[in-house]
Amino acid sequence: MKKNIKYILGVFIVLLLTITSCTQETYSLGDLSAPSNLVINAVIVGQDASHPNGDGSGNVNFSITGDNILATSIDYDASDAVNLVFLPTGTVTKKFDTHLGVNIYRVTVVASGKGGSQSTITKDITIRYDYTPDPAIVTNLTNNTSKTWIVDKSVAGHFGVGPWDPTSVTPSWWAAAINEKVATANCFYTATFTFTKVVASGTYSLTVASPDGAFTKTGSLAGGLPGIPSSGDEGCYAYAGGTSAFTFGGSTSGVVASAPSTQTNINLAGTNTFIGYGATLKGYEILTLTANTMYLRVQGTETGNAWYIKMIPAP
């Protein structure tokens with residue numbers, strides 16, 4: 001009996017010593033200060049005393065600096081739909097070729113810090129952009145007055161997707177068969193796109209008529225098209241049509257001149273128009289263009305994807 005009591009007493013003492021020897025752990029989230037002292041450094045290419053808004057290329061070199069920054073995203077133009085682009089290094093060169101002449105752009109940067117904290121800063125920059133398209137492009141697209149185009153469902157590959165890569169100018173991931181979307185999204189084929197040259201002012205406009213709806217994805221992937229719901233699959237969505245200005249600009253895709261490309265973009269202003277397929281970006285690169293055929297490439301709807309569209313004049 002005494003041995004048992006001694007054994008139990010010994011175990012109790014060991015447990016007591018173990019408990020009393022433990023120290024309580026304390027945890028701390030640390031400093032969760034949001035990014036501070038943010039600066040948008042914008043160097044307009046060609047800017048000098050004689051060219052205060054740059055050399056007309058529209059190129060601007062950005063670098064974002066500040067304290068406690070873990071990641072940055074940038075929106076280049078507050079006048080259109082919000083489109084924040086992730087900047088892995090905090091630096092980027094952007095070509096502002098949406099509007100000809102001298103224009104003011106409000107640039108917004110969102111900087112993220114520890115614990116999801118964020119800080120935002122904006123900056124207005126004034127940039128000059130000059131571009132004169134090949135006269136043959138203007139003639140083929142607009143007939144020097146007005147010309148209406150539709151998607152060419154009669155040929156294979158009239159719609160397709162591949163990587164957004166300057167070394168690949170082909171829908172290598174998927175290409176539509178003849179009449180591919182007739183049963184599921186016929187609005188893709190019934191929509192019309194009228195390109196007009198306003199001779200008196202030297203400007204251009206696009207009018208989209210799509211009584212069967214706009215062919216696009218939903219939410220932000222629709223590029224800000226009015227009335228498109230926030231969620232849903234790719235398909236035809238109610239769309240009242242629209243008219244907007246457009247300009248010609250140099251290609252911004254990086255596709256080399258030797259590739260099948262005119263090195264010319266159709267840049268849509270605003271958010272209420274699209275060409276063929278509603279995409280997040282509004283710059284459609286003209287790969288080939290004749291009086292009877294047009295082949296376009298646009299980034300969207302998801303970053304990293306290049307969509308291809310073949311069109312013909314409306315009958």
# chains A, B, ... in the order shown; residues from 1 in each chain; ligands from 1

call {"tool": "residues_around", "arguments": {"residues": "stretch 231-248 of chain A", "least_positions_apart": "3", "cutoff": "7 Å", "atoms": "only C-alpha atoms", "output": "JSON, numbers by chain"}}
result
{"A": [98, 99, 100, 131, 133, 185, 187, 204, 205, 206, 207, 208, 209, 210, 213, 214, 215, 216, 217, 218, 219, 227, 228, 264, 265, 266, 267, 268, 269, 270, 272, 273]}

call {"tool": "residues_around", "arguments": {"residues": "A:Ile312", "least_positions_apart": "6", "cutoff": "6 Å", "atoms": "only C-alpha atoms", "output": "PDB file with all heavy atoms, in the first residue's frame"}}
result
ATOM      1  N   TRP A 149     -20.248  45.159 -91.647  1.00  0.00           N
ATOM      2  CA  TRP A 149     -19.609  43.852 -91.625  1.00  0.00           C
ATOM      3  C   TRP A 149     -20.367  42.909 -90.697  1.00  0.00           C
ATOM      4  O   TRP A 149     -21.039  43.343 -89.748  1.00  0.00           O
ATOM      5  CB  TRP A 149     -18.166  43.965 -91.132  1.00  0.00           C
ATOM      6  CG  TRP A 149     -17.263  44.759 -92.030  1.00  0.00           C
ATOM      7  CD1 TRP A 149     -17.209  46.123 -92.154  1.00  0.00           C
ATOM      8  CD2 TRP A 149     -16.281  44.240 -92.932  1.00  0.00           C
ATOM      9  NE1 TRP A 149     -16.258  46.482 -93.074  1.00  0.00           N
ATOM     10  CE2 TRP A 149     -15.664  45.353 -93.562  1.00  0.00           C
ATOM     11  CE3 TRP A 149     -15.851  42.958 -93.259  1.00  0.00           C
ATOM     12  CZ2 TRP A 149     -14.651  45.206 -94.506  1.00  0.00           C
ATOM     13  CZ3 TRP A 149     -14.836  42.810 -94.194  1.00  0.00           C
ATOM     14  CH2 TRP A 149     -14.246  43.928 -94.816  1.00  0.00           C
ATOM     15  N   ILE A 150     -20.229  41.597 -90.963  1.00  0.00           N
ATOM     16  CA  ILE A 150     -20.785  40.549 -90.107  1.00  0.00           C
ATOM     17  C   ILE A 150     -19.743  39.449 -89.934  1.00  0.00           C
ATOM     18  O   ILE A 150     -18.782  39.356 -90.705  1.00  0.00           O
ATOM     19  CB  ILE A 150     -22.079  39.939 -90.701  1.00  0.00           C
ATOM     20  CG1 ILE A 150     -21.797  39.338 -92.085  1.00  0.00           C
ATOM     21  CG2 ILE A 150     -23.200  40.974 -90.757  1.00  0.00           C
ATOM     22  CD1 ILE A 150     -22.979  38.572 -92.692  1.00  0.00           C
ATOM     23  N   ASP A 152     -18.264  35.876 -90.402  1.00  0.00           N
ATOM     24  CA  ASP A 152     -18.387  34.948 -91.532  1.00  0.00           C
ATOM     25  C   ASP A 152     -18.537  33.510 -91.044  1.00  0.00           C
ATOM     26  O   ASP A 152     -17.554  32.770 -90.905  1.00  0.00           O
ATOM     27  CB  ASP A 152     -17.161  35.075 -92.436  1.00  0.00           C
ATOM     28  CG  ASP A 152     -17.276  34.236 -93.699  1.00  0.00           C
ATOM     29  OD1 ASP A 152     -18.365  33.668 -93.929  1.00  0.00           O
ATOM     30  OD2 ASP A 152     -16.291  34.159 -94.449  1.00  0.00           O
ATOM     31  N   ASN A 292     -13.095  42.434 -99.090  1.00  0.00           N
ATOM     32  CA  ASN A 292     -14.081  41.372 -98.903  1.00  0.00           C
ATOM     33  C   ASN A 292     -13.882  40.514 -97.648  1.00  0.00           C
ATOM     34  O   ASN A 292     -14.734  39.680 -97.334  1.00  0.00           O
ATOM     35  CB  ASN A 292     -14.081  40.451-100.127  1.00  0.00           C
ATOM     36  CG  ASN A 292     -14.432  41.199-101.397  1.00  0.00           C
ATOM     37  OD1 ASN A 292     -15.432  41.905-101.442  1.00  0.00           O
ATOM     38  ND2 ASN A 292     -13.597  41.060-102.428  1.00  0.00           N
ATOM     39  N   THR A 293     -12.780  40.684 -96.957  1.00  0.00           N
ATOM     40  CA  THR A 293     -12.534  39.887 -95.753  1.00  0.00           C
ATOM     41  C   THR A 293     -11.804  40.718 -94.707  1.00  0.00           C
ATOM     42  O   THR A 293     -11.025  41.612 -95.035  1.00  0.00           O
ATOM     43  CB  THR A 293     -11.667  38.645 -96.058  1.00  0.00           C
ATOM     44  OG1 THR A 293     -10.392  39.071 -96.572  1.00  0.00           O
ATOM     45  CG2 THR A 293     -12.355  37.730 -97.051  1.00  0.00           C
TER      46      THR A 293
END

call {"tool": "residues_around", "arguments": {"residues": "A:Val39", "least_positions_apart": "6", "cutoff": "12 Å", "atoms": "only C-alpha atoms", "output": "mmCIF file with C-alpha atoms, in the first residue's frame"}}
result
data_model
loop_
_atom_site.group_PDB
_atom_site.id
_atom_site.type_symbol
_atom_site.label_atom_id
_atom_site.label_comp_id
_atom_site.auth_asym_id
_atom_site.auth_seq_id
_atom_site.Cartn_x
_atom_site.Cartn_y
_atom_site.Cartn_z
ATOM 1 C CA PHE A 62 5.469 53.687 -65.253
ATOM 2 C CA SER A 63 7.080 52.719 -61.979
ATOM 3 C CA ILE A 64 5.259 52.526 -58.651
ATOM 4 C CA THR A 65 7.143 53.252 -55.440
ATOM 5 C CA GLY A 66 6.189 53.411 -51.762
ATOM 6 C CA ASP A 67 6.522 51.718 -48.398
ATOM 7 C CA ILE A 69 4.061 47.354 -50.846
ATOM 8 C CA THR A 72 0.411 46.583 -57.234
ATOM 9 C CA GLY A 90 5.715 47.531 -60.212
ATOM 10 C CA VAL A 107 -4.376 56.606 -63.829
ATOM 11 C CA THR A 108 -5.267 54.666 -60.663
ATOM 12 C CA VAL A 109 -2.913 52.388 -58.721
ATOM 13 C CA VAL A 110 -4.014 49.993 -55.985
ATOM 14 C CA ALA A 111 -1.157 48.850 -53.739
ATOM 15 C CA SER A 119 -3.964 51.934 -50.484
ATOM 16 C CA THR A 120 -5.011 53.777 -53.649
ATOM 17 C CA ILE A 121 -3.498 56.699 -55.514
ATOM 18 C CA THR A 122 -4.447 58.492 -58.743
ATOM 19 C CA LYS A 123 -2.537 60.680 -61.150
#

call {"tool": "select_by_dssp", "arguments": {"residues": "stretch 52-158 of chain A", "states": "strand (DSSP E)", "output": "VMD selection string"}}
result
chain A and resid 59 to 67 71 to 75 85 to 87 91 to 95 101 to 112 118 to 129 146 to 151

call {"tool": "atom_distance", "arguments": {"atom1": "atom CA of A:Thr148", "atom2": "atom CA of A:Gln263"}}
result
22.2 Å

call {"tool": "atom_distance", "arguments": {"atom1": "atom CA of A:Ala177", "atom2": "atom CA of A:Ser261"}}
result
23.1 Å

call {"tool": "closest_residue", "arguments": {"among": "A:Asn186, A:Thr288, A:Thr167, A:Ser172", "to": "A:Val256", "atoms": "only C-alpha atoms"}}
result
A:Thr167

call {"tool": "atom_distance", "arguments": {"atom1": "atom CA of A:Tyr284", "atom2": "atom CA of A:Pro171"}}
result
15.1 Å

call {"tool": "residues_around", "arguments": {"residues": "A:Ser146", "least_positions_apart": "6", "cutoff": "8 Å", "atoms": "only C-alpha atoms", "output": "PyMOL selection string"}}
result
chain A and resi 194-197

call {"tool": "write_last_selection", "arguments": {"atoms": "N, CA and C atoms", "output": "PDB file, in the first residue's frame"}}
result
ATOM      1  N   THR A 194     -21.197  48.507 -88.323  1.00  0.00           N
ATOM      2  CA  THR A 194     -21.066  49.508 -89.383  1.00  0.00           C
ATOM      3  C   THR A 194     -19.974  50.507 -89.038  1.00  0.00           C
ATOM      4  N   PHE A 195     -18.940  50.528 -89.869  1.00  0.00           N
ATOM      5  CA  PHE A 195     -17.807  51.430 -89.686  1.00  0.00           C
ATOM      6  C   PHE A 195     -17.986  52.628 -90.616  1.00  0.00           C
ATOM      7  N   THR A 196     -17.933  53.821 -90.047  1.00  0.00           N
ATOM      8  CA  THR A 196     -18.211  55.037 -90.811  1.00  0.00           C
ATOM      9  C   THR A 196     -17.045  56.009 -90.719  1.00  0.00           C
ATOM     10  N   LYS A 197     -16.694  56.567 -91.859  1.00  0.00           N
ATOM     11  CA  LYS A 197     -15.717  57.639 -91.910  1.00  0.00           C
ATOM     12  C   LYS A 197     -16.457  58.956 -92.078  1.00  0.00           C
TER      13      LYS A 197
END

call {"tool": "decode", "arguments": {"residues": "stretch 208-246 of chain A", "atoms": "N, CA and C atoms", "output": "PDB file, in the first residue's frame"}}
result
ATOM      1  N   VAL A 208     -23.184  49.416 -83.720  1.00  0.00           N
ATOM      2  CA  VAL A 208     -23.458  47.989 -83.556  1.00  0.00           C
ATOM      3  C   VAL A 208     -24.963  47.794 -83.421  1.00  0.00           C
ATOM      4  N   ALA A 209     -25.525  46.936 -84.265  1.00  0.00           N
ATOM      5  CA  ALA A 209     -26.932  46.559 -84.165  1.00  0.00           C
ATOM      6  C   ALA A 209     -27.000  45.058 -83.944  1.00  0.00           C
ATOM      7  N   SER A 210     -27.606  44.651 -82.851  1.00  0.00           N
ATOM      8  CA  SER A 210     -27.634  43.232 -82.514  1.00  0.00           C
ATOM      9  C   SER A 210     -28.976  42.891 -81.879  1.00  0.00           C
ATOM     10  N   PRO A 211     -30.027  42.777 -82.686  1.00  0.00           N
ATOM     11  CA  PRO A 211     -31.377  42.555 -82.150  1.00  0.00           C
ATOM     12  C   PRO A 211     -31.522  41.256 -81.369  1.00  0.00           C
ATOM     13  N   ASP A 212     -30.643  40.305 -81.618  1.00  0.00           N
ATOM     14  CA  ASP A 212     -30.723  39.022 -80.914  1.00  0.00           C
ATOM     15  C   ASP A 212     -29.804  38.978 -79.693  1.00  0.00           C
ATOM     16  N   GLY A 213     -29.192  40.101 -79.371  1.00  0.00           N
ATOM     17  CA  GLY A 213     -28.336  40.178 -78.194  1.00  0.00           C
ATOM     18  C   GLY A 213     -26.868  40.242 -78.539  1.00  0.00           C
ATOM     19  N   ALA A 214     -26.063  40.547 -77.527  1.00  0.00           N
ATOM     20  CA  ALA A 214     -24.612  40.616 -77.679  1.00  0.00           C
ATOM     21  C   ALA A 214     -24.004  39.277 -77.292  1.00  0.00           C
ATOM     22  N   PHE A 215     -23.094  38.785 -78.115  1.00  0.00           N
ATOM     23  CA  PHE A 215     -22.398  37.533 -77.830  1.00  0.00           C
ATOM     24  C   PHE A 215     -21.183  37.847 -76.975  1.00  0.00           C
ATOM     25  N   THR A 216     -21.202  37.378 -75.731  1.00  0.00           N
ATOM     26  CA  THR A 216     -20.120  37.704 -74.815  1.00  0.00           C
ATOM     27  C   THR A 216     -20.199  36.806 -73.590  1.00  0.00           C
ATOM     28  N   LYS A 217     -19.246  36.975 -72.708  1.00  0.00           N
ATOM     29  CA  LYS A 217     -19.338  36.406 -71.371  1.00  0.00           C
ATOM     30  C   LYS A 217     -19.926  37.473 -70.445  1.00  0.00           C
ATOM     31  N   THR A 218     -20.109  37.124 -69.178  1.00  0.00           N
ATOM     32  CA  THR A 218     -20.803  38.030 -68.276  1.00  0.00           C
ATOM     33  C   THR A 218     -19.838  38.746 -67.349  1.00  0.00           C
ATOM     34  N   GLY A 219     -20.398  39.693 -66.579  1.00  0.00           N
ATOM     35  CA  GLY A 219     -19.609  40.418 -65.596  1.00  0.00           C
ATOM     36  C   GLY A 219     -18.537  41.274 -66.245  1.00  0.00           C
ATOM     37  N   SER A 220     -17.410  41.396 -65.569  1.00  0.00           N
ATOM     38  CA  SER A 220     -16.318  42.238 -66.053  1.00  0.00           C
ATOM     39  C   SER A 220     -15.730  41.720 -67.354  1.00  0.00           C
ATOM     40  N   LEU A 221     -15.957  40.435 -67.675  1.00  0.00           N
ATOM     41  CA  LEU A 221     -15.407  39.859 -68.896  1.00  0.00           C
ATOM     42  C   LEU A 221     -16.094  40.401 -70.145  1.00  0.00           C
ATOM     43  N   ALA A 222     -17.216  41.105 -69.970  1.00  0.00           N
ATOM     44  CA  ALA A 222     -17.938  41.672 -71.107  1.00  0.00           C
ATOM     45  C   ALA A 222     -17.407  43.038 -71.508  1.00  0.00           C
ATOM     46  N   GLY A 223     -16.388  43.522 -70.838  1.00  0.00           N
ATOM     47  CA  GLY A 223     -15.781  44.788 -71.219  1.00  0.00           C
ATOM     48  C   GLY A 223     -16.650  45.995 -70.944  1.00  0.00           C
ATOM     49  N   GLY A 224     -17.552  45.899 -69.974  1.00  0.00           N
ATOM     50  CA  GLY A 224     -18.367  47.038 -69.600  1.00  0.00           C
ATOM     51  C   GLY A 224     -19.593  47.256 -70.452  1.00  0.00           C
ATOM     52  N   LEU A 225     -19.940  46.309 -71.331  1.00  0.00           N
ATOM     53  CA  LEU A 225     -21.131  46.481 -72.159  1.00  0.00           C
ATOM     54  C   LEU A 225     -22.357  46.673 -71.271  1.00  0.00           C
ATOM     55  N   PRO A 226     -23.192  47.670 -71.572  1.00  0.00           N
ATOM     56  CA  PRO A 226     -24.334  47.969 -70.697  1.00  0.00           C
ATOM     57  C   PRO A 226     -25.377  46.863 -70.699  1.00  0.00           C
ATOM     58  N   GLY A 227     -25.909  46.568 -69.509  1.00  0.00           N
ATOM     59  CA  GLY A 227     -26.996  45.608 -69.386  1.00  0.00           C
ATOM     60  C   GLY A 227     -26.588  44.161 -69.274  1.00  0.00           C
ATOM     61  N   ILE A 228     -25.305  43.859 -69.410  1.00  0.00           N
ATOM     62  CA  ILE A 228     -24.861  42.464 -69.330  1.00  0.00           C
ATOM     63  C   ILE A 228     -24.855  42.032 -67.864  1.00  0.00           C
ATOM     64  N   PRO A 229     -25.463  40.896 -67.513  1.00  0.00           N
ATOM     65  CA  PRO A 229     -25.520  40.483 -66.100  1.00  0.00           C
ATOM     66  C   PRO A 229     -24.150  40.171 -65.529  1.00  0.00           C
ATOM     67  N   SER A 230     -24.116  40.098 -64.210  1.00  0.00           N
ATOM     68  CA  SER A 230     -22.834  39.913 -63.520  1.00  0.00           C
ATOM     69  C   SER A 230     -22.353  38.473 -63.521  1.00  0.00           C
ATOM     70  N   SER A 231     -23.237  37.533 -63.847  1.00  0.00           N
ATOM     71  CA  SER A 231     -22.815  36.130 -63.860  1.00  0.00           C
ATOM     72  C   SER A 231     -23.606  35.365 -64.920  1.00  0.00           C
ATOM     73  N   GLY A 232     -23.053  34.247 -65.340  1.00  0.00           N
ATOM     74  CA  GLY A 232     -23.683  33.429 -66.364  1.00  0.00           C
ATOM     75  C   GLY A 232     -22.662  32.920 -67.363  1.00  0.00           C
ATOM     76  N   ASP A 233     -23.072  31.988 -68.193  1.00  0.00           N
ATOM     77  CA  ASP A 233     -22.178  31.402 -69.175  1.00  0.00           C
ATOM     78  C   ASP A 233     -22.060  32.281 -70.419  1.00  0.00           C
ATOM     79  N   GLU A 234     -21.126  31.932 -71.276  1.00  0.00           N
ATOM     80  CA  GLU A 234     -21.004  32.595 -72.567  1.00  0.00           C
ATOM     81  C   GLU A 234     -22.304  32.403 -73.354  1.00  0.00           C
ATOM     82  N   GLY A 235     -22.778  33.474 -73.985  1.00  0.00           N
ATOM     83  CA  GLY A 235     -24.006  33.355 -74.746  1.00  0.00           C
ATOM     84  C   GLY A 235     -24.490  34.696 -75.259  1.00  0.00           C
ATOM     85  N   CYS A 236     -25.760  34.773 -75.643  1.00  0.00           N
ATOM     86  CA  CYS A 236     -26.376  35.998 -76.148  1.00  0.00           C
ATOM     87  C   CYS A 236     -27.111  36.697 -75.011  1.00  0.00           C
ATOM     88  N   TYR A 237     -26.804  37.961 -74.796  1.00  0.00           N
ATOM     89  CA  TYR A 237     -27.424  38.729 -73.726  1.00  0.00           C
ATOM     90  C   TYR A 237     -28.036  40.001 -74.288  1.00  0.00           C
ATOM     91  N   ALA A 238     -29.174  40.395 -73.708  1.00  0.00           N
ATOM     92  CA  ALA A 238     -29.909  41.562 -74.189  1.00  0.00           C
ATOM     93  C   ALA A 238     -28.993  42.775 -74.298  1.00  0.00           C
ATOM     94  N   TYR A 239     -29.065  43.427 -75.443  1.00  0.00           N
ATOM     95  CA  TYR A 239     -28.161  44.540 -75.732  1.00  0.00           C
ATOM     96  C   TYR A 239     -28.895  45.475 -76.691  1.00  0.00           C
ATOM     97  N   ALA A 240     -28.971  46.744 -76.339  1.00  0.00           N
ATOM     98  CA  ALA A 240     -29.765  47.709 -77.106  1.00  0.00           C
ATOM     99  C   ALA A 240     -29.030  48.276 -78.308  1.00  0.00           C
ATOM    100  N   GLY A 241     -27.802  47.823 -78.520  1.00  0.00           N
ATOM    101  CA  GLY A 241     -27.009  48.405 -79.605  1.00  0.00           C
ATOM    102  C   GLY A 241     -26.302  49.658 -79.127  1.00  0.00           C
ATOM    103  N   GLY A 242     -25.423  50.171 -79.949  1.00  0.00           N
ATOM    104  CA  GLY A 242     -24.693  51.373 -79.541  1.00  0.00           C
ATOM    105  C   GLY A 242     -23.844  51.940 -80.650  1.00  0.00           C
ATOM    106  N   THR A 243     -23.427  53.181 -80.459  1.00  0.00           N
ATOM    107  CA  THR A 243     -22.527  53.863 -81.389  1.00  0.00           C
ATOM    108  C   THR A 243     -21.422  54.528 -80.592  1.00  0.00           C
ATOM    109  N   SER A 244     -20.210  54.398 -81.066  1.00  0.00           N
ATOM    110  CA  SER A 244     -19.082  55.048 -80.395  1.00  0.00           C
ATOM    111  C   SER A 244     -18.054  55.455 -81.439  1.00  0.00           C
ATOM    112  N   ALA A 245     -17.201  56.358 -81.043  1.00  0.00           N
ATOM    113  CA  ALA A 245     -16.076  56.729 -81.900  1.00  0.00           C
ATOM    114  C   ALA A 245     -15.034  55.623 -81.861  1.00  0.00           C
ATOM    115  N   PHE A 246     -14.234  55.561 -82.893  1.00  0.00           N
ATOM    116  CA  PHE A 246     -13.052  54.698 -82.850  1.00  0.00           C
ATOM    117  C   PHE A 246     -11.917  55.393 -83.568  1.00  0.00           C
TER     118      PHE A 246
END
